[in-house]
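Participant: Below is the file entry-v3.tsv, with TSV, C-alpha atoms.
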chain	number	residue	atom	x	y	z
A	1	MET	CA	92.71	98.78	80.91
A	2	SER	CA	89.28	99.25	79.36
A	3	ALA	CA	86.60	98.36	81.93
A	4	PRO	CA	85.32	101.22	84.14
A	5	PRO	CA	86.96	101.21	87.57
A	6	PRO	CA	84.85	99.80	90.41
A	7	ILE	CA	83.08	102.49	92.45
A	8	VAL	CA	81.79	101.76	95.95
A	9	HIS	CA	78.64	103.31	97.39
A	10	HIS	CA	76.10	102.63	100.13
A	11	PRO	CA	72.93	104.63	100.90
A	12	ALA	CA	74.01	104.71	104.55
A	13	PHE	CA	76.89	107.06	103.59
A	14	ARG	CA	74.34	109.84	104.15
A	15	ALA	CA	73.48	110.01	107.86
A	16	GLU	CA	70.62	111.95	109.40
A	17	MET	CA	71.89	115.18	110.93
A	18	PRO	CA	70.37	117.98	113.01
A	19	ALA	CA	68.84	120.80	110.98
A	20	GLY	CA	71.38	123.44	110.06
A	21	HIS	CA	74.44	121.29	110.83
A	22	ARG	CA	77.44	122.63	108.94
A	23	PHE	CA	78.72	119.29	107.64
A	24	PRO	CA	77.43	118.86	104.03
A	25	MET	CA	76.01	115.35	104.54
A	26	ASP	CA	73.87	115.50	101.39
A	27	LYS	CA	76.98	115.46	99.21
A	28	PHE	CA	77.26	111.67	99.41
A	29	SER	CA	73.84	110.90	97.97
A	30	ARG	CA	74.18	113.72	95.43
A	31	LEU	CA	77.58	112.41	94.31
A	32	ALA	CA	76.15	108.93	93.79
A	33	ALA	CA	73.22	110.32	91.80
A	34	LEU	CA	75.58	112.35	89.62
A	35	LEU	CA	77.85	109.37	88.92
A	36	GLU	CA	74.81	107.27	88.00
A	37	ALA	CA	73.45	109.98	85.70
A	38	GLU	CA	76.82	110.29	83.97
A	39	ARG	CA	77.20	106.47	83.84
A	40	VAL	CA	80.60	106.73	85.48
A	41	ALA	CA	79.88	103.72	87.69
A	42	GLY	CA	79.73	101.34	84.73
A	43	PRO	CA	77.00	98.94	83.56
A	44	ASP	CA	76.95	96.93	86.81
A	45	GLY	CA	76.47	100.01	88.96
A	46	PHE	CA	78.05	100.53	92.37
A	47	ALA	CA	79.76	97.89	94.46
A	48	ARG	CA	77.97	97.84	97.82
A	49	PRO	CA	80.06	97.34	100.97
A	50	GLU	CA	79.21	95.60	104.21
A	51	PRO	CA	79.45	97.73	107.36
A	52	VAL	CA	82.83	96.94	108.87
A	53	ASP	CA	82.88	94.66	111.92
A	54	VAL	CA	84.10	95.53	115.41
A	55	GLU	CA	87.14	93.24	115.21
A	56	THR	CA	88.38	95.00	112.09
A	57	LEU	CA	87.75	98.46	113.56
A	58	CYS	CA	89.84	97.49	116.57
A	59	LEU	CA	92.87	96.93	114.33
A	60	ALA	CA	93.21	100.73	114.20
A	61	HIS	CA	91.05	101.96	117.11
A	62	SER	CA	90.79	101.15	120.80
A	63	GLU	CA	87.93	98.82	121.71
A	64	ASP	CA	86.57	101.33	124.23
A	65	TYR	CA	86.27	103.98	121.55
A	66	VAL	CA	84.72	101.60	119.00
A	67	ARG	CA	82.16	100.40	121.57
A	68	GLY	CA	81.40	103.98	122.54
A	69	VAL	CA	80.55	104.88	118.96
A	70	ILE	CA	78.44	101.80	118.29
A	71	GLU	CA	76.71	101.66	121.68
A	72	LEU	CA	76.06	105.44	121.59
A	73	SER	CA	77.93	105.99	124.83
A	74	LEU	CA	80.76	108.36	123.87
A	75	PRO	CA	81.76	110.97	126.45
A	76	PRO	CA	80.48	114.48	125.62
A	77	ASP	CA	83.98	115.87	125.08
A	78	ILE	CA	84.71	113.31	122.35
A	79	VAL	CA	81.33	113.99	120.73
A	80	ARG	CA	82.24	117.69	120.66
A	81	ARG	CA	85.64	116.88	119.19
A	82	ILE	CA	84.04	114.85	116.40
A	83	GLY	CA	81.49	117.55	115.65
A	84	MET	CA	78.73	115.06	114.84
A	85	PRO	CA	76.09	113.60	117.15
A	86	ASN	CA	76.67	110.14	118.62
A	87	THR	CA	73.60	108.61	117.01
A	88	GLU	CA	72.69	105.31	115.40
A	89	SER	CA	72.62	106.94	111.97
A	90	VAL	CA	76.10	108.48	112.33
A	91	ALA	CA	77.54	105.23	113.74
A	92	THR	CA	76.04	103.23	110.87
A	93	ARG	CA	77.44	105.71	108.38
A	94	ALA	CA	80.93	105.46	109.89
A	95	ARG	CA	80.90	101.66	109.71
A	96	ALA	CA	79.54	101.68	106.15
A	97	ALA	CA	82.05	104.27	104.91
A	98	THR	CA	84.92	102.32	106.48
A	99	GLY	CA	83.62	99.12	104.93
A	100	GLY	CA	83.47	101.05	101.67
A	101	THR	CA	87.14	101.94	101.76
A	102	LEU	CA	88.07	98.37	102.67
A	103	LEU	CA	86.01	97.03	99.75
A	104	ALA	CA	87.50	99.65	97.41
A	105	ALA	CA	90.99	98.60	98.52
A	106	ARG	CA	90.23	94.94	97.79
A	107	LEU	CA	88.84	95.92	94.38
A	108	ALA	CA	91.92	98.04	93.67
A	109	LEU	CA	94.15	95.05	94.36
A	110	ALA	CA	92.09	93.07	91.86
A	111	HIS	CA	91.53	95.73	89.19
A	112	GLY	CA	94.36	98.24	89.61
A	113	VAL	CA	92.16	101.15	90.70
A	114	ALA	CA	88.90	101.60	92.60
A	115	CYS	CA	87.18	104.52	94.31
A	116	ASN	CA	84.88	105.00	97.26
A	117	THR	CA	82.13	107.65	97.26
A	118	ALA	CA	83.00	108.42	100.89
A	119	GLY	CA	86.06	107.95	103.09
A	120	GLY	CA	89.11	109.95	103.97
A	121	SER	CA	88.20	110.42	107.65
A	122	HIS	CA	91.80	111.21	108.47
A	123	HIS	CA	91.39	113.17	111.73
A	124	ALA	CA	90.20	110.09	113.65
A	125	ALA	CA	92.95	108.68	115.86
A	126	ALA	CA	93.12	105.41	117.77
A	127	ASP	CA	91.03	106.47	120.76
A	128	SER	CA	88.97	109.39	119.47
A	129	GLY	CA	87.40	110.94	116.44
A	130	ALA	CA	87.78	114.61	115.49
A	131	GLY	CA	86.91	117.11	112.78
A	132	PHE	CA	83.81	115.30	111.43
A	133	CYS	CA	85.75	112.00	111.38
A	134	VAL	CA	84.50	109.02	113.42
A	135	PHE	CA	86.52	106.01	112.22
A	136	ASN	CA	89.73	106.34	110.22
A	137	ASP	CA	88.67	104.29	107.21
A	138	VAL	CA	92.04	104.31	105.46
A	139	ALA	CA	93.86	103.17	108.61
A	140	VAL	CA	91.32	100.41	109.26
A	141	ALA	CA	91.48	99.17	105.65
A	142	ALA	CA	95.29	99.20	105.60
A	143	ARG	CA	95.50	97.32	108.89
A	144	ARG	CA	92.98	94.71	107.69
A	145	LEU	CA	94.89	94.04	104.48
A	146	LEU	CA	98.18	93.89	106.38
A	147	ALA	CA	96.70	91.45	108.92
A	148	GLU	CA	95.51	89.19	106.10
A	149	GLY	CA	98.85	89.29	104.32
A	150	ALA	CA	97.21	90.81	101.24
A	151	ILE	CA	99.80	93.62	101.34
A	152	GLY	CA	103.13	94.13	103.05
A	153	LYS	CA	103.45	97.91	102.63
A	154	ALA	CA	101.00	100.77	102.07
A	155	LEU	CA	101.48	104.40	101.10
A	156	VAL	CA	98.95	107.05	102.11
A	157	VAL	CA	98.90	110.05	99.76
A	158	ASP	CA	96.74	112.55	101.63
A	159	LEU	CA	95.99	115.67	99.58
A	160	ASP	CA	93.09	116.98	101.64
A	161	VAL	CA	93.65	120.64	102.60
A	162	HIS	CA	93.91	119.59	106.25
A	163	GLN	CA	96.74	117.48	107.64
A	164	GLY	CA	95.96	113.78	108.08
A	165	ASP	CA	96.89	113.98	111.75
A	166	GLY	CA	94.88	110.98	112.93
A	167	THR	CA	96.39	108.75	110.26
A	168	ALA	CA	99.89	109.97	111.14
A	169	ARG	CA	99.36	109.20	114.83
A	170	ILE	CA	97.94	105.73	114.20
A	171	PHE	CA	100.93	104.75	112.06
A	172	GLU	CA	103.71	106.74	113.77
A	173	ASN	CA	105.43	103.55	114.97
A	174	ASP	CA	104.33	101.30	112.12
A	175	PRO	CA	106.86	101.01	109.27
A	176	SER	CA	104.40	99.02	107.15
A	177	VAL	CA	102.47	102.21	106.32
A	178	PHE	CA	104.13	105.38	105.02
A	179	THR	CA	102.08	108.54	105.57
A	180	PHE	CA	102.44	111.55	103.25
A	181	SER	CA	100.29	114.63	103.82
A	182	MET	CA	100.38	117.81	101.73
A	183	HIS	CA	98.15	120.44	103.27
A	184	ALA	CA	97.63	124.11	104.10
A	185	GLU	CA	100.13	125.16	106.76
A	186	LYS	CA	97.76	127.46	108.67
A	187	ASN	CA	94.65	125.28	108.61
A	188	PHE	CA	93.10	122.76	111.03
A	189	PRO	CA	94.39	120.97	113.03
A	190	HIS	CA	96.28	123.68	114.86
A	191	ARG	CA	98.38	121.06	116.67
A	192	LYS	CA	99.88	119.05	113.83
A	193	ALA	CA	101.06	115.46	114.07
A	194	SER	CA	104.21	114.16	112.37
A	195	SER	CA	103.54	112.19	109.21
A	196	ASP	CA	106.42	110.33	107.61
A	197	LEU	CA	106.42	113.23	105.16
A	198	ASP	CA	104.58	116.52	105.64
A	199	ILE	CA	104.48	119.29	103.06
A	200	GLU	CA	102.95	122.52	104.40
A	201	LEU	CA	101.71	124.97	101.79
A	202	PRO	CA	101.25	128.72	102.23
A	203	ASP	CA	97.82	130.32	101.92
A	204	GLY	CA	96.76	130.95	98.35
A	205	THR	CA	98.90	128.24	96.74
A	206	ASP	CA	97.56	127.92	93.17
A	207	ASP	CA	97.37	125.13	90.60
A	208	GLY	CA	100.87	125.64	89.21
A	209	ALA	CA	102.75	125.75	92.50
A	210	TYR	CA	100.69	122.93	93.99
A	211	LEU	CA	101.18	120.55	91.07
A	212	ALA	CA	104.87	121.38	90.77
A	213	LYS	CA	105.38	120.40	94.41
A	214	LEU	CA	103.41	117.19	93.97
A	215	GLU	CA	105.35	116.24	90.83
A	216	GLU	CA	108.58	116.88	92.72
A	217	ILE	CA	107.63	114.43	95.50
A	218	LEU	CA	105.36	111.61	94.33
A	219	PRO	CA	107.51	109.72	91.80
A	220	ALA	CA	110.41	109.46	94.27
A	221	LEU	CA	108.01	108.28	97.00
A	222	LEU	CA	106.63	105.50	94.81
A	223	ILE	CA	110.19	104.33	94.13
A	224	SER	CA	111.50	104.61	97.70
A	225	VAL	CA	108.45	103.26	99.57
A	226	ARG	CA	107.63	100.55	97.00
A	227	PRO	CA	104.07	100.16	98.27
A	228	ASP	CA	101.76	97.28	97.45
A	229	ILE	CA	98.84	99.74	97.46
A	230	VAL	CA	98.32	103.51	97.56
A	231	PHE	CA	95.47	105.10	99.50
A	232	PHE	CA	94.75	108.45	97.83
A	233	ASN	CA	92.76	110.99	99.87
A	234	ALA	CA	91.42	113.25	97.12
A	235	GLY	CA	89.90	115.95	99.32
A	236	VAL	CA	88.56	118.81	97.21
A	237	ASP	CA	88.90	121.39	99.99
A	238	PRO	CA	92.14	122.82	98.49
A	239	HIS	CA	89.73	124.48	96.00
A	240	ALA	CA	89.73	128.28	96.02
A	241	ASP	CA	85.99	128.39	96.75
A	242	ASP	CA	85.99	125.88	99.62
A	243	LYS	CA	84.62	127.28	102.88
A	244	LEU	CA	87.23	125.52	105.05
A	245	GLY	CA	90.25	125.67	102.76
A	246	ARG	CA	93.02	128.26	102.43
A	247	LEU	CA	94.48	127.24	99.07
A	248	ALA	CA	93.51	128.34	95.57
A	249	LEU	CA	93.10	125.32	93.29
A	250	THR	CA	90.58	125.38	90.45
A	251	ASP	CA	88.43	122.55	89.10
A	252	GLU	CA	91.02	122.13	86.36
A	253	GLY	CA	93.78	121.96	88.96
A	254	LEU	CA	91.95	119.23	90.88
A	255	ALA	CA	91.44	117.28	87.66
A	256	ARG	CA	95.16	117.56	86.85
A	257	ARG	CA	96.02	116.48	90.40
A	258	GLU	CA	93.76	113.42	90.22
A	259	ALA	CA	95.12	112.45	86.81
A	260	TYR	CA	98.69	112.83	88.04
A	261	VAL	CA	98.29	110.72	91.20
A	262	LEU	CA	96.20	107.98	89.62
A	263	GLY	CA	98.32	107.95	86.49
A	264	ALA	CA	101.58	107.73	88.42
A	265	CYS	CA	100.31	104.73	90.36
A	266	LEU	CA	98.87	102.96	87.33
A	267	SER	CA	101.98	103.51	85.22
A	268	SER	CA	104.04	102.03	88.08
A	269	GLU	CA	101.58	99.11	88.32
A	270	ILE	CA	100.74	99.99	91.92
A	271	PRO	CA	97.08	99.47	92.89
A	272	VAL	CA	95.45	102.72	94.01
A	273	VAL	CA	92.25	103.32	95.95
A	274	GLY	CA	90.64	106.77	95.93
A	275	VAL	CA	88.61	108.21	98.80
A	276	ILE	CA	86.84	111.56	98.56
A	277	GLY	CA	88.07	113.34	101.69
A	278	GLY	CA	86.89	116.82	102.60
A	279	GLY	CA	84.90	119.36	100.67
A	280	TYR	CA	82.73	122.15	102.06
A	281	ASP	CA	80.42	124.27	99.92
A	282	ALA	CA	76.89	125.51	100.53
A	283	ASP	CA	76.01	124.53	96.95
A	284	ILE	CA	75.71	120.72	97.21
A	285	ASP	CA	75.44	120.23	93.44
A	286	ARG	CA	78.65	122.15	92.87
A	287	LEU	CA	80.37	120.22	95.67
A	288	ALA	CA	79.23	116.84	94.35
A	289	ALA	CA	80.51	117.74	90.88
A	290	ARG	CA	83.86	118.64	92.40
A	291	HIS	CA	84.11	115.30	94.22
A	292	ALA	CA	83.09	113.48	91.03
A	293	ILE	CA	86.33	114.65	89.39
A	294	LEU	CA	88.08	111.74	91.12
A	295	HIS	CA	85.73	109.11	89.71
A	296	ARG	CA	85.54	110.67	86.23
A	297	THR	CA	89.33	110.82	86.06
A	298	ALA	CA	89.70	107.20	87.14
A	299	LYS	CA	87.26	106.16	84.42
A	300	SER	CA	89.04	108.20	81.76
A	301	LEU	CA	92.41	106.69	82.65
A	302	CYS	CA	90.98	103.16	82.56
A	303	SER	CA	89.57	103.72	79.08
A	304	LEU	CA	92.97	104.56	77.59
Once more with this new file: its structure as structure tokens, please.

Facilitator:
Amino acid sequence: MSAPPPIVHHPAFRAEMPAGHRFPMDKFSRLAALLEAERVAGPDGFARPEPVDVETLCLAHSEDYVRGVIELSLPPDIVRRIGMPNTESVATRARAATGGTLLAARLALAHGVACNTAGGSHHAAADSGAGFCVFNDVAVAARRLLAEGAIGKALVVDLDVHQGDGTARIFENDPSVFTFSMHAEKNFPHRKASSDLDIELPDGTDDGAYLAKLEEILPALLISVRPDIVFFNAGVDPHADDKLGRLALTDEGLARREAYVLGACLSSEIPVVGVIGGGYDADIDRLAARHAILHRTAKSLCSL
């Protein structure tokens, strides 16, 4: 491979939020600006997604929930669970980010690898969002590709510091999607779901222990699951400096993780789509640079 991997972005990934809200919404626009400045996106720039349609959202979510988000009529308890206001801007962002992961998945099938500059909203379940997640973009994209016959089997490799509980619940009775989550044992959500494979890590797990565990698991998974596509949630919240993480990875450790996952998929000729997942730091520039490790790594592997 020699061409830069496709990278998906939409200005709507950054929603308007109340002043002082703790979700770092500015990271999406800052990440895009950084990737442009570093020319990671390639000469043609970003691929721009269409906001996903209601029919596609309903492949993974209940129609009542989807309508509640879009028509701004969610019950207050669900709004509290999500942790974001039920506004037009947030609803538009959720549809655009989900469309972004779907487009990135289609591009990965065509090019081998592609990355979104958003996505990884893995706490959203079929009938409710949670933990800053409105629509489960990976679940929606997988279900759309399965419905079209573009794939027959998907593997979710979720390496966000928090368990992908919403994804696990959506696919708990669906053998066409295998869910693997490696996360901090004592972190959110307190009531864990059951993924097809869960690896719970103790507080303070560092680069060496983390990567050793991943290297022990991933190659066997790729062989046993035999997926037609891998959805890689590259959350950077396992970083030692993350406000909501409990692990101790460094920037170098994240870069080695990204190279290992993407490289394992590419060497097995399995298309892989990267989504950015979680990351929480008061310094938006530092956080954007951390998220950009995914896209830089994908580009470096494609230039080999």

Participant: Just to confirm, what's the straight-line distance from CA of Val261 (chain A) to CA of Thr297 (chain A) in Å (one decimal)?

Facilitator: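 Spanning CA of Val261 (chain A) to CA of Thr297 (chain A) is a straight-line distance of 10.3 Å.
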
Participant: Pick from A:Arg14, A:His122, A:Lys299, A:His61: nearest to Val90 (chain A), with only C-alpha atoms counted?

Facilitator: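 Using only C-alpha atoms, the shortest distance to Val90 (chain A) belongs to A:Arg14.
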
Participant: One decimal, in Å: what's the spacing between CA of Phe232 (chain A) and CA of Ser195 (chain A)?

Facilitator: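 Computed distance, CA of Phe232 (chain A) to CA of Ser195 (chain A), equals 14.9 Å.
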
Participant: Please identify all polymer residues within 10 Å of Gly235 (chain A), counting only C-alpha atoms, omitting same-chain residues fewer than 3 positions from it, and present them as a PDB file with C-alpha atoms, in the coordinates of the input.

Facilitator:
ATOM      1  CA  GLY A 119      86.060 107.950 103.090  1.00  0.00           C
ATOM      2  CA  GLY A 120      89.110 109.950 103.970  1.00  0.00           C
ATOM      3  CA  ASP A 158      96.740 112.550 101.630  1.00  0.00           C
ATOM      4  CA  LEU A 159      95.990 115.670  99.580  1.00  0.00           C
ATOM      5  CA  ASP A 160      93.090 116.980 101.640  1.00  0.00           C
ATOM      6  CA  VAL A 161      93.650 120.640 102.600  1.00  0.00           C
ATOM      7  CA  HIS A 162      93.910 119.590 106.250  1.00  0.00           C
ATOM      8  CA  PHE A 232      94.750 108.450  97.830  1.00  0.00           C
ATOM      9  CA  PRO A 238      92.140 122.820  98.490  1.00  0.00           C
ATOM     10  CA  HIS A 239      89.730 124.480  96.000  1.00  0.00           C
ATOM     11  CA  LEU A 254      91.950 119.230  90.880  1.00  0.00           C
ATOM     12  CA  GLY A 274      90.640 106.770  95.930  1.00  0.00           C
ATOM     13  CA  VAL A 275      88.610 108.210  98.800  1.00  0.00           C
ATOM     14  CA  ILE A 276      86.840 111.560  98.560  1.00  0.00           C
ATOM     15  CA  GLY A 277      88.070 113.340 101.690  1.00  0.00           C
ATOM     16  CA  GLY A 278      86.890 116.820 102.600  1.00  0.00           C
ATOM     17  CA  GLY A 279      84.900 119.360 100.670  1.00  0.00           C
ATOM     18  CA  TYR A 280      82.730 122.150 102.060  1.00  0.00           C
ATOM     19  CA  ARG A 290      83.860 118.640  92.400  1.00  0.00           C
ATOM     20  CA  HIS A 291      84.110 115.300  94.220  1.00  0.00           C
ATOM     21  CA  LEU A 294      88.080 111.740  91.120  1.00  0.00           C
TER      22      LEU A 294
END

Participant: So that I can check the surroundings of Leu155 (chain A), please list as a PyMOL selection string every protein, DNA and RNA residue that reaches within 7 Å of it, counting all atoms listed in the file and ignoring chain neighbours fewer than 2 positions away.

Facilitator: chain A and resi 153+157+177-179+227+229-231

Participant: What gap, in Å, lies between CA of Ser303 (chain A) and CA of Ile284 (chain A)?

Facilitator: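 We find that CA of Ser303 (chain A) and CA of Ile284 (chain A) lie 28.5 Å from each other.
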
Participant: Of the candidates A:Gly245, A:Pro75, A:Gly263, A:Pro175, which one gets nearest to Glu215 (chain A) if we count all atoms listed in the file?

Facilitator: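 Residue with the minimum atom-to-atom distance to Glu215 (chain A): A:Gly263.
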
Participant: Using only C-alpha atoms, which residue out of A:Asn187, A:Val236, A:Leu59, A:Val140 lies closest to Ala289 (chain A)?

Facilitator: A:Val236

Participant: Determine, using only C-alpha atoms, which residues of region 65-133 of chain A have any atom at most 12 Å from an atom of region 24-28 of chain A, and tabulate each with its shortest atom pair and distance in Å to one decimal place, rows ordered by chain and then rising number, as CSV.

Facilitator:
residue,atom,partner,partner_atom,distance
A:Met84,CA,A:Met25,CA,10.7
A:Ser89,CA,A:Met25,CA,11.7
A:Val90,CA,A:Met25,CA,10.4
A:Arg93,CA,A:Met25,CA,10.5
A:Ala97,CA,A:Phe28,CA,10.4
A:Asn116,CA,A:Phe28,CA,10.4
A:Thr117,CA,A:Phe28,CA,6.7
A:Ala118,CA,A:Phe28,CA,6.8
A:Gly119,CA,A:Phe28,CA,10.2
A:Phe132,CA,A:Pro24,CA,10.4

Participant: Find the residue from A:Val134, A:Cys265, A:Val8, A:Ala124 that sits nearest to Ala220 (chain A); use only C-alpha atoms when measuring.

Facilitator: A:Cys265

Participant: I'd like the neighbourhood of Ser176 (chain A) as a list in words, where a residue qualifies if any of its atoms comes within 12 Å (using all atoms listed in the file), though same-chain residues fewer than 5 positions away should be ignored.

Facilitator: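 Residues meeting the cut-off are Ala139, Ala142, Arg143, Leu145, Leu146, Ala147, Gly149, Ile151, Gly152, Lys153, Ala154, Leu155, Val156, Ile170, Phe171, Asp196, Val225, Arg226, Pro227, Asp228 and Ile229 of chain A.
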
Participant: Leaving out Glu38 (chain A) and any residue of its chain fewer than 4 positions from it, which residues lie within 12 Å of it when counting only C-alpha atoms, given as a short mmCIF file (atom, residue, chain, number, x, y, z; two decimals) with C-alpha atoms, in the coordinates of the input?

Facilitator:
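File written: selection-v1.cif
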data_model
loop_
_atom_site.label_atom_id
_atom_site.label_comp_id
_atom_site.auth_asym_id
_atom_site.auth_seq_id
_atom_site.Cartn_x
_atom_site.Cartn_y
_atom_site.Cartn_z
CA LEU A 31 77.58 112.41 94.31
CA ALA A 32 76.15 108.93 93.79
CA ALA A 33 73.22 110.32 91.80
CA LEU A 34 75.58 112.35 89.62
CA GLY A 42 79.73 101.34 84.73
CA PRO A 43 77.00 98.94 83.56
CA GLY A 45 76.47 100.01 88.96
CA ALA A 289 80.51 117.74 90.88
CA ALA A 292 83.09 113.48 91.03
CA ILE A 293 86.33 114.65 89.39
CA HIS A 295 85.73 109.11 89.71
CA ARG A 296 85.54 110.67 86.23
CA LYS A 299 87.26 106.16 84.42
#
